[in-house]
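Enquirer: Sharing run.cif here; it has mmCIF, C-alpha atoms.
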data_coords
#
loop_
_atom_site.label_atom_id
_atom_site.label_comp_id
_atom_site.auth_asym_id
_atom_site.auth_seq_id
_atom_site.Cartn_x
_atom_site.Cartn_y
_atom_site.Cartn_z
CA MET A 1 0.00 0.00 0.00
CA ARG A 2 1.24 3.46 -0.85
CA ASN A 3 2.00 5.91 1.94
CA PRO A 4 -1.04 8.23 2.37
CA ASP A 5 1.29 11.13 3.10
CA SER A 6 3.02 10.66 -0.24
CA LEU A 7 -0.36 11.03 -1.95
CA ALA A 8 -1.52 13.98 0.11
CA LEU A 9 -0.61 16.67 -2.35
CA LYS A 10 -1.49 14.83 -5.58
CA ALA A 11 -4.31 15.69 -7.91
CA ASN A 12 -7.82 16.02 -6.60
CA GLU A 13 -8.91 12.41 -7.17
CA ASP A 14 -10.46 9.41 -5.41
CA THR A 15 -8.45 6.34 -4.33
CA PRO A 16 -9.46 2.90 -2.96
CA GLN A 17 -7.42 3.56 0.20
CA GLY A 18 -9.32 6.76 0.77
CA LEU A 19 -12.67 5.03 0.42
CA ALA A 20 -11.67 2.40 2.98
CA PHE A 21 -10.41 5.01 5.46
CA ALA A 22 -13.53 7.17 5.12
CA PHE A 23 -15.99 4.27 5.44
CA THR A 24 -14.26 3.03 8.62
CA ALA A 25 -14.18 6.48 10.22
CA TYR A 26 -17.84 7.23 9.54
CA PHE A 27 -18.92 3.81 10.83
CA LEU A 28 -17.06 4.38 14.12
CA TRP A 29 -18.49 7.89 14.44
CA GLY A 30 -22.00 6.54 13.96
CA PHE A 31 -21.83 4.66 17.25
CA LEU A 32 -19.96 7.37 19.17
CA PRO A 33 -23.17 8.74 20.80
CA LEU A 34 -23.47 5.52 22.81
CA TYR A 35 -20.14 6.32 24.46
CA MET A 36 -20.76 10.04 24.84
CA LYS A 37 -24.14 9.41 26.48
CA LEU A 38 -22.31 7.74 29.37
CA MET A 39 -20.76 11.15 30.14
CA ALA A 40 -23.98 13.17 29.86
CA HIS A 41 -23.64 14.26 33.50
CA MET A 42 -20.33 16.02 32.78
CA PRO A 43 -19.98 19.53 31.31
CA PRO A 44 -19.29 19.37 27.54
CA ALA A 45 -16.23 21.63 27.93
CA GLU A 46 -14.66 19.17 30.36
CA VAL A 47 -15.28 16.27 28.00
CA VAL A 48 -13.75 18.21 25.09
CA ALA A 49 -10.70 19.11 27.16
CA HIS A 50 -10.15 15.44 27.99
CA ARG A 51 -10.65 14.49 24.34
CA VAL A 52 -7.71 16.77 23.58
CA LEU A 53 -5.56 15.62 26.50
CA TRP A 54 -5.87 11.87 25.97
CA SER A 55 -5.68 12.08 22.18
CA LEU A 56 -2.17 13.50 22.45
CA PRO A 57 -0.29 10.33 23.52
CA ILE A 58 -2.16 8.20 20.98
CA ALA A 59 -1.45 10.57 18.11
CA ALA A 60 2.18 10.98 19.20
CA VAL A 61 2.81 7.23 19.44
CA VAL A 62 1.29 6.66 15.97
CA LEU A 63 3.50 9.36 14.48
CA ILE A 64 6.64 8.01 16.17
CA ILE A 65 5.91 4.47 14.98
CA LEU A 66 5.38 5.73 11.43
CA ARG A 67 8.56 7.84 11.72
CA ARG A 68 6.88 10.97 10.44
CA THR A 69 7.85 13.50 13.11
CA ASP A 70 10.05 15.63 10.83
CA ALA A 71 7.09 17.23 9.06
CA LEU A 72 5.51 18.09 12.42
CA ARG A 73 8.65 19.86 13.58
CA GLU A 74 8.74 21.82 10.34
CA ALA A 75 5.08 22.76 10.78
CA LEU A 76 5.72 24.08 14.29
CA ARG A 77 8.44 26.34 12.85
CA ASN A 78 6.36 27.50 9.88
CA PRO A 79 4.11 30.48 10.82
CA ARG A 80 1.76 29.96 7.87
CA MET A 81 1.26 26.27 8.55
CA LEU A 82 0.92 26.92 12.27
CA LEU A 83 -1.78 29.50 11.57
CA MET A 84 -3.65 27.01 9.36
CA GLY A 85 -3.32 24.44 12.15
CA CYS A 86 -4.86 26.93 14.58
CA VAL A 87 -7.81 27.33 12.22
CA THR A 88 -8.47 23.58 11.93
CA ALA A 89 -7.91 23.14 15.68
CA ALA A 90 -10.45 25.84 16.48
CA LEU A 91 -13.01 24.38 14.09
CA ILE A 92 -12.71 20.82 15.40
CA SER A 93 -12.93 21.97 19.04
CA ILE A 94 -16.12 23.91 18.27
CA ASN A 95 -17.54 20.89 16.50
CA TRP A 96 -16.69 18.60 19.43
CA GLY A 97 -18.28 20.98 21.93
CA ILE A 98 -21.57 21.25 20.02
CA TYR A 99 -21.66 17.50 19.47
CA VAL A 100 -21.04 16.58 23.12
CA TRP A 101 -23.69 19.08 24.23
CA ALA A 102 -26.23 17.72 21.72
CA ILE A 103 -25.81 14.14 22.92
CA ALA A 104 -25.89 15.05 26.62
CA SER A 105 -28.94 17.31 26.29
CA GLY A 106 -31.10 14.82 24.38
CA ASN A 107 -30.62 16.44 20.98
CA THR A 108 -28.96 13.52 19.22
CA LEU A 109 -31.45 13.85 16.34
CA ASP A 110 -30.15 17.37 15.78
CA ALA A 111 -26.63 15.94 15.63
CA SER A 112 -27.84 13.47 13.03
CA LEU A 113 -29.53 16.28 11.10
CA GLY A 114 -26.37 18.38 11.15
CA TYR A 115 -24.23 15.61 9.74
CA TYR A 116 -26.86 14.78 7.12
CA ILE A 117 -26.82 18.37 5.89
CA ASN A 118 -23.04 18.66 6.01
CA PRO A 119 -22.25 16.65 2.83
CA LEU A 120 -24.43 19.01 0.84
CA PHE A 121 -22.89 22.02 2.57
CA SER A 122 -19.43 20.68 1.75
CA ILE A 123 -20.46 20.26 -1.87
CA LEU A 124 -21.34 23.95 -1.88
CA LEU A 125 -18.00 24.80 -0.27
CA ALA A 126 -16.20 22.69 -2.87
CA ALA A 127 -17.91 24.64 -5.63
CA VAL A 128 -17.06 27.99 -4.06
CA PHE A 129 -13.49 27.35 -2.92
CA LEU A 130 -12.20 24.42 -5.00
CA GLY A 131 -13.90 25.17 -8.28
CA GLU A 132 -15.88 21.91 -8.39
CA ARG A 133 -18.87 22.51 -10.65
CA LEU A 134 -22.40 22.02 -9.36
CA SER A 135 -24.68 19.97 -11.59
CA ALA A 136 -28.43 20.51 -11.75
CA ALA A 137 -28.93 17.45 -9.51
CA GLN A 138 -26.55 18.85 -6.89
CA MET A 139 -28.37 22.18 -6.85
CA VAL A 140 -31.69 20.37 -6.38
CA ALA A 141 -30.17 18.37 -3.50
CA ILE A 142 -28.92 21.52 -1.78
CA ALA A 143 -32.32 23.18 -2.23
CA LEU A 144 -34.10 20.18 -0.67
CA ALA A 145 -31.78 20.22 2.34
CA THR A 146 -32.34 23.95 2.81
CA ALA A 147 -36.11 23.46 2.66
CA ALA A 148 -35.86 20.64 5.23
CA VAL A 149 -34.06 22.90 7.70
CA LEU A 150 -36.67 25.61 7.18
CA ILE A 151 -39.48 23.11 7.93
CA ILE A 152 -37.87 22.13 11.22
CA ALA A 153 -37.18 25.76 12.13
CA ILE A 154 -40.74 26.89 11.39
CA ALA A 155 -42.27 23.96 13.31
CA ALA A 156 -40.02 24.47 16.34
CA GLY A 157 -40.24 28.24 16.26
CA SER A 158 -36.47 28.49 16.37
CA VAL A 159 -33.43 27.73 14.25
CA PRO A 160 -31.88 24.27 14.87
CA TRP A 161 -28.63 25.86 15.99
CA ALA A 162 -26.96 22.60 17.05
CA ALA A 163 -27.53 21.03 13.64
CA LEU A 164 -26.36 24.12 11.76
CA GLY A 165 -23.38 24.57 14.08
CA LEU A 166 -22.23 21.01 13.42
CA THR A 167 -22.78 21.47 9.69
CA VAL A 168 -20.80 24.68 9.38
CA SER A 169 -17.95 23.77 11.74
CA TRP A 170 -17.36 20.35 10.18
CA GLY A 171 -17.80 21.64 6.64
CA PHE A 172 -15.12 24.29 7.03
CA TYR A 173 -12.93 21.85 8.98
CA ALA A 174 -13.05 19.39 6.07
CA LEU A 175 -12.25 22.18 3.63
CA ALA A 176 -9.34 23.49 5.72
CA LYS A 177 -8.05 19.97 6.34
CA LYS A 178 -8.05 19.32 2.61
CA SER A 179 -5.90 22.41 2.10
CA LEU A 180 -3.52 21.89 5.04
CA PRO A 181 -0.08 21.20 3.46
CA ILE A 182 0.94 18.47 5.88
CA GLY A 183 0.32 14.75 6.24
CA PRO A 184 -2.98 13.77 7.91
CA ASN A 185 -1.44 12.16 10.99
CA GLN A 186 0.94 15.08 11.54
CA GLY A 187 -1.96 17.46 11.03
CA PHE A 188 -4.04 15.85 13.75
CA LEU A 189 -1.18 15.88 16.24
CA LEU A 190 -0.51 19.52 15.36
CA GLU A 191 -4.15 20.35 16.16
CA VAL A 192 -3.99 18.50 19.47
CA LEU A 193 -0.75 20.25 20.45
CA ILE A 194 -2.31 23.64 19.68
CA LEU A 195 -5.37 22.81 21.80
CA LEU A 196 -3.36 21.28 24.65
CA VAL A 197 -2.52 24.53 26.44
CA PRO A 198 -6.11 25.83 26.79
CA ALA A 199 -7.32 22.30 27.59
CA LEU A 200 -4.80 21.87 30.42
CA ALA A 201 -5.55 25.35 31.76
CA PHE A 202 -9.27 24.58 31.90
CA LEU A 203 -8.72 21.18 33.55
CA CYS A 204 -6.44 22.75 36.15
CA TYR A 205 -9.17 25.29 36.88
CA LEU A 206 -11.75 22.53 37.35
CA THR A 207 -9.42 20.65 39.70
CA ALA A 208 -8.66 23.78 41.73
CA THR A 209 -12.35 24.56 42.14
CA GLY A 210 -13.31 20.97 42.96
CA ALA A 211 -15.49 20.67 39.87
CA SER A 212 -13.42 18.06 38.03
CA HIS A 213 -14.88 14.60 37.33
CA PHE A 214 -11.39 13.14 36.91
CA THR A 215 -9.71 11.60 39.94
CA LEU A 216 -6.44 9.72 40.36
CA ASN A 217 -8.22 6.67 41.80
CA LEU A 218 -9.47 6.04 38.26
CA GLY A 219 -13.14 5.54 38.97
CA ARG A 220 -15.79 5.12 36.28
CA ASP A 221 -15.82 8.78 35.25
CA SER A 222 -12.03 8.92 35.05
CA LEU A 223 -11.83 5.84 32.86
CA LEU A 224 -14.51 7.21 30.56
CA LEU A 225 -12.58 10.47 30.21
CA ILE A 226 -9.35 8.63 29.44
CA GLY A 227 -11.24 6.56 26.88
CA CYS A 228 -12.13 9.81 25.10
CA GLY A 229 -8.63 9.74 23.70
CA PHE A 230 -9.22 6.47 21.89
CA VAL A 231 -12.71 7.26 20.58
CA THR A 232 -11.46 10.67 19.42
CA ALA A 233 -8.01 10.03 17.97
CA ILE A 234 -8.55 6.73 16.18
CA PRO A 235 -11.57 7.68 13.98
CA LEU A 236 -10.28 11.20 13.34
CA MET A 237 -6.83 10.02 12.23
CA ILE A 238 -8.49 7.44 9.98
CA TYR A 239 -10.70 10.20 8.56
CA ALA A 240 -7.70 12.50 8.09
CA ASN A 241 -6.03 9.89 5.90
CA GLY A 242 -9.23 9.47 3.90
CA ALA A 243 -9.65 13.23 3.45
CA LYS A 244 -6.24 13.44 1.80
CA LEU A 245 -7.01 10.58 -0.60
CA LEU A 246 -10.50 11.56 -1.77
CA ARG A 247 -12.16 14.52 -3.45
CA LEU A 248 -13.99 16.72 -0.97
CA SER A 249 -17.31 15.99 -2.67
CA THR A 250 -16.76 12.22 -2.40
CA ILE A 251 -15.77 12.12 1.25
CA SER A 252 -18.65 14.47 2.00
CA ILE A 253 -21.28 12.22 0.47
CA LEU A 254 -19.87 9.17 2.27
CA GLN A 255 -20.55 11.03 5.50
CA TYR A 256 -24.22 10.04 5.53
CA ILE A 257 -23.11 6.64 6.85
CA ALA A 258 -22.49 8.24 10.25
CA PRO A 259 -25.71 10.28 10.62
CA THR A 260 -27.79 7.27 9.56
CA ILE A 261 -26.38 5.26 12.44
CA ILE A 262 -26.69 8.27 14.77
CA PHE A 263 -30.33 8.67 13.69
CA LEU A 264 -31.09 5.01 14.52
CA VAL A 265 -29.31 5.32 17.89
CA ALA A 266 -31.27 8.49 18.74
CA VAL A 267 -34.66 7.00 17.93
CA PHE A 268 -34.27 3.38 19.05
CA ALA A 269 -31.59 3.52 21.76
CA PHE A 270 -32.22 6.96 23.29
CA GLY A 271 -35.97 7.14 22.56
CA GLU A 272 -35.85 10.74 21.30
CA PRO A 273 -39.18 11.94 19.83
CA PHE A 274 -39.45 11.89 16.04
CA ASP A 275 -42.05 14.62 15.51
CA THR A 276 -44.08 15.47 12.42
CA ALA A 277 -41.66 18.16 11.20
CA ARG A 278 -38.77 15.72 11.31
CA MET A 279 -40.90 13.05 9.63
CA ILE A 280 -41.16 15.45 6.70
CA ALA A 281 -37.67 16.99 6.84
CA PHE A 282 -35.54 13.87 7.22
CA PRO A 283 -37.00 12.09 4.15
CA MET A 284 -36.38 15.30 2.18
CA ILE A 285 -32.72 15.20 3.18
CA TRP A 286 -32.51 11.48 2.40
CA LEU A 287 -34.00 12.22 -1.03
CA ALA A 288 -31.44 14.98 -1.52
CA LEU A 289 -28.64 12.54 -0.75
CA VAL A 290 -30.07 9.96 -3.14
CA ILE A 291 -30.27 12.57 -5.90
CA TYR A 292 -26.69 13.65 -5.37
CA THR A 293 -25.36 10.09 -5.04
CA THR A 294 -27.09 9.04 -8.26
CA SER A 295 -25.62 12.04 -10.04
CA MET A 296 -22.16 11.29 -8.65
CA LEU A 297 -22.27 7.65 -9.75
CA ARG A 298 -23.33 8.66 -13.26
CA GLN A 299 -20.43 11.10 -13.45
CA MET A 300 -18.02 8.40 -12.26
CA ARG A 301 -19.24 5.96 -14.90
CA GLY A 302 -18.89 8.60 -17.55
CA GLY A 303 -15.40 9.47 -16.39
CA LYS A 304 -16.37 13.03 -15.55
CA VAL A 305 -15.19 15.09 -12.66
CA ALA A 306 -17.84 16.52 -10.33
#
In structure tokens, what does this structure look like?
Expert:
Amino acid sequence: MRNPDSLALKANEDTPQGLAFAFTAYFLWGFLPLYMKLMAHMPPAEVVAHRVLWSLPIAAVVLIILRRTDALREALRNPRMLLMGCVTAALISINWGIYVWAIASGNTLDASLGYYINPLFSILLAAVFLGERLSAAQMVAIALATAAVLIIAIAAGSVPWAALGLTVSWGFYALAKKSLPIGPNQGFLLEVLILLVPALAFLCYLTATGASHFTLNLGRDSLLLIGCGFVTAIPLMIYANGAKLLRLSTISILQYIAPTIIFLVAVFAFGEPFDTARMIAFPMIWLALVIYTTSMLRQMRGGKVA
């Protein structure tokens, strides 16, 4: 198998390795709410801080084993690359915070909605920033998704901020990650290193004020927080490799694997209400994804580029 890092800066094309990476990452993310629900009694900011803290050793060990630390050192000395790393780090931390809050507060369906909309939002970003042309089918799909969000907003009397927050933060994260001129594994460790200082400062504050759920006797809460490193780093590093080996539009459309699983978990495992507005809106989004997927497959068969 070819080194993903060696392919990172090649032409904007799809690869079998990228498809495998993306499918695995989205499948793991689909079941992540089951783990996050176990920490619903903890503040989302504390959970996010521990996701950063315990991801660091995992990401570092992977990079050392792969012997790819040179690029990371260069990135830390490159102001432009460091600035881009700060952007992706900020976006992923915002996304994590909204996601953890949504699961803990019983809004898992909104999380599912956000990640359903995101592929279509990323398609729009790809058209605007990467010059990927929108076909008529893609424009119809985006219009359907927009209408679905409006239906939910009108029925609820408020904008589904959690869903839109997840959509926008992850969409721009995927776009920035695609443009980050560094290998995917180095990029993730760079993001974690950037977030480490504020994460440690916040955790020290919680400990000093007696509000921390982490204790050195490693009780249930402590073990769950340590486990955040594994459930965060492993899927995200797999995704990072996939993002470098696929077109943005392709990896975006594969993303509906995760929200489908999240949707099933929300309804059947968490028992969240599936009201009339969502009964109308979700099928509209599913239809939008079918329309886009059909269009994409036709373009692939015809050897065209989306």
Enquirer: Excluding Asp110 (chain A) and any residue of its chain fewer than 5 positions from it, enumerate the residues within 9 Å of it, using all atoms listed in the file, and give them as number ranges by chain.
Expert: A: 102-103, 115, 160-164, 263
Enquirer: Separation of CA of Gly30 (chain A) and CA of Met237 (chain A), in Å?
Expert: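 Separation between CA of Gly30 (chain A) and CA of Met237 (chain A): 15.7 Å.
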Enquirer: If the PyMOL selection byres ((chain A and resi 271-281) around 8) were run on this exact file, what residues would it hold? Put them as a list in words.
Expert: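 Applied to this file, the PyMOL selection byres ((chain A and resi 271-281) around 8) returns Gly106, Asn107, Thr108, Leu109, Ala147, Ala148, Val149, Ile151, Ile152, Ala155, Ala266, Val267, Phe268, Ala269, Phe270, Phe282, Pro283, Met284 and Ile285 of chain A.
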Enquirer: Just give me the gap between CA of Ala137 (chain A) and CA of Arg298 (chain A) in Å, one decimal is fine.
Expert: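 Separation between CA of Ala137 (chain A) and CA of Arg298 (chain A): 11.1 Å.
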Enquirer: Would you pick out the contacts of Ala199 (chain A) at 9 Å or less, using all atoms listed in the file, so that residues sharing its chain but fewer than 3 positions from it are not included, and give the list as a count of residues only?
Expert: 12
Enquirer: Around all of region 285-291 of chain A's listed atoms, make the axis-aligned box with 6 Å on each side and tell me centre and edge lengths in Å to one decimal, as JSON.
Expert:
{"center_x": -31.3, "center_y": 12.6, "center_z": -1.4, "size_x": 17.4, "size_y": 17.2, "size_z": 21.1}
Enquirer: Can you pull out every residue within 8 Å of Leu56 (chain A), counting all atoms listed in the file, but drop anything in the same chain fewer than 5 positions away, and send it as a list of chain:residue names?
Expert: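 After dropping sequence-adjacent residues, the list is A:Leu189, A:Val192, A:Leu193, A:Gly229.
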Enquirer: Give as a JSON list (two decimals) with C-alpha atoms, in the frame of the given file the set of residues within 12 Å of the point (1.2, 8.6, 19.3), where distances use the file's coordinates and all atoms listed in the file.
Expert:
[["chain", "number", "residue", "atom", "x", "y", "z"],
["A", 54, "TRP", "CA", -5.87, 11.87, 25.97],
["A", 55, "SER", "CA", -5.68, 12.08, 22.18],
["A", 56, "LEU", "CA", -2.17, 13.50, 22.45],
["A", 57, "PRO", "CA", -0.29, 10.33, 23.52],
["A", 58, "ILE", "CA", -2.16, 8.20, 20.98],
["A", 59, "ALA", "CA", -1.45, 10.57, 18.11],
["A", 60, "ALA", "CA", 2.18, 10.98, 19.20],
["A", 61, "VAL", "CA", 2.81, 7.23, 19.44],
["A", 62, "VAL", "CA", 1.29, 6.66, 15.97],
["A", 63, "LEU", "CA", 3.50, 9.36, 14.48],
["A", 64, "ILE", "CA", 6.64, 8.01, 16.17],
["A", 65, "ILE", "CA", 5.91, 4.47, 14.98],
["A", 66, "LEU", "CA", 5.38, 5.73, 11.43],
["A", 67, "ARG", "CA", 8.56, 7.84, 11.72],
["A", 68, "ARG", "CA", 6.88, 10.97, 10.44],
["A", 69, "THR", "CA", 7.85, 13.50, 13.11],
["A", 185, "ASN", "CA", -1.44, 12.16, 10.99],
["A", 186, "GLN", "CA", 0.94, 15.08, 11.54],
["A", 188, "PHE", "CA", -4.04, 15.85, 13.75],
["A", 189, "LEU", "CA", -1.18, 15.88, 16.24],
["A", 190, "LEU", "CA", -0.51, 19.52, 15.36],
["A", 192, "VAL", "CA", -3.99, 18.50, 19.47],
["A", 193, "LEU", "CA", -0.75, 20.25, 20.45],
["A", 229, "GLY", "CA", -8.63, 9.74, 23.70],
["A", 230, "PHE", "CA", -9.22, 6.47, 21.89],
["A", 233, "ALA", "CA", -8.01, 10.03, 17.97],
["A", 234, "ILE", "CA", -8.55, 6.73, 16.18],
["A", 237, "MET", "CA", -6.83, 10.02, 12.23]]
Enquirer: Expand the PyMOL selection byres ((chain A and resi 213) around 9) into the individual residues it matches in the shown file, reporting them as a PyMOL selection string.
Expert: chain A and resi 42+46+206-207+210-212+214-215+221-222+225
Enquirer: So which residues touch Gln138 (chain A) within 9 Å, counting only C-alpha atoms, skipping near sequence neighbours fewer than 5 positions away, as a list in words?
Expert: Leu120, Ile123, Leu124, Ala143, Ala288, Ile291, Tyr292, Ser295 and Met296 of chain A
Enquirer: For Ile238 (chain A), which of A:Pro198, A:Pro184, A:Gly219, A:Pro33 is the closest residue, counting only C-alpha atoms?
Expert: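 Looking only at the distances to Ile238 (chain A), the closest residue turns out to be A:Pro184.
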Enquirer: State, in Å with one decimal place, the distance from CA of Thr232 (chain A) to CA of Gly85 (chain A).
Expert: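 The value is 17.6 Å.
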Enquirer: Could you list, as a PyMOL selection string, every residue within 7 Å of Ala104 (chain A), counting all atoms listed in the file and ignoring same-chain residues fewer than 4 positions away?
Expert: chain A and resi 37+40+100
Enquirer: Using all atoms listed in the file, which of the listed residues (A:Leu113, A:Val231, A:Ile226, A:Ile94) sits closest to Phe31 (chain A)?
Expert: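 Once distances to Phe31 (chain A) are computed over all atoms listed in the file, the minimum belongs to A:Val231.
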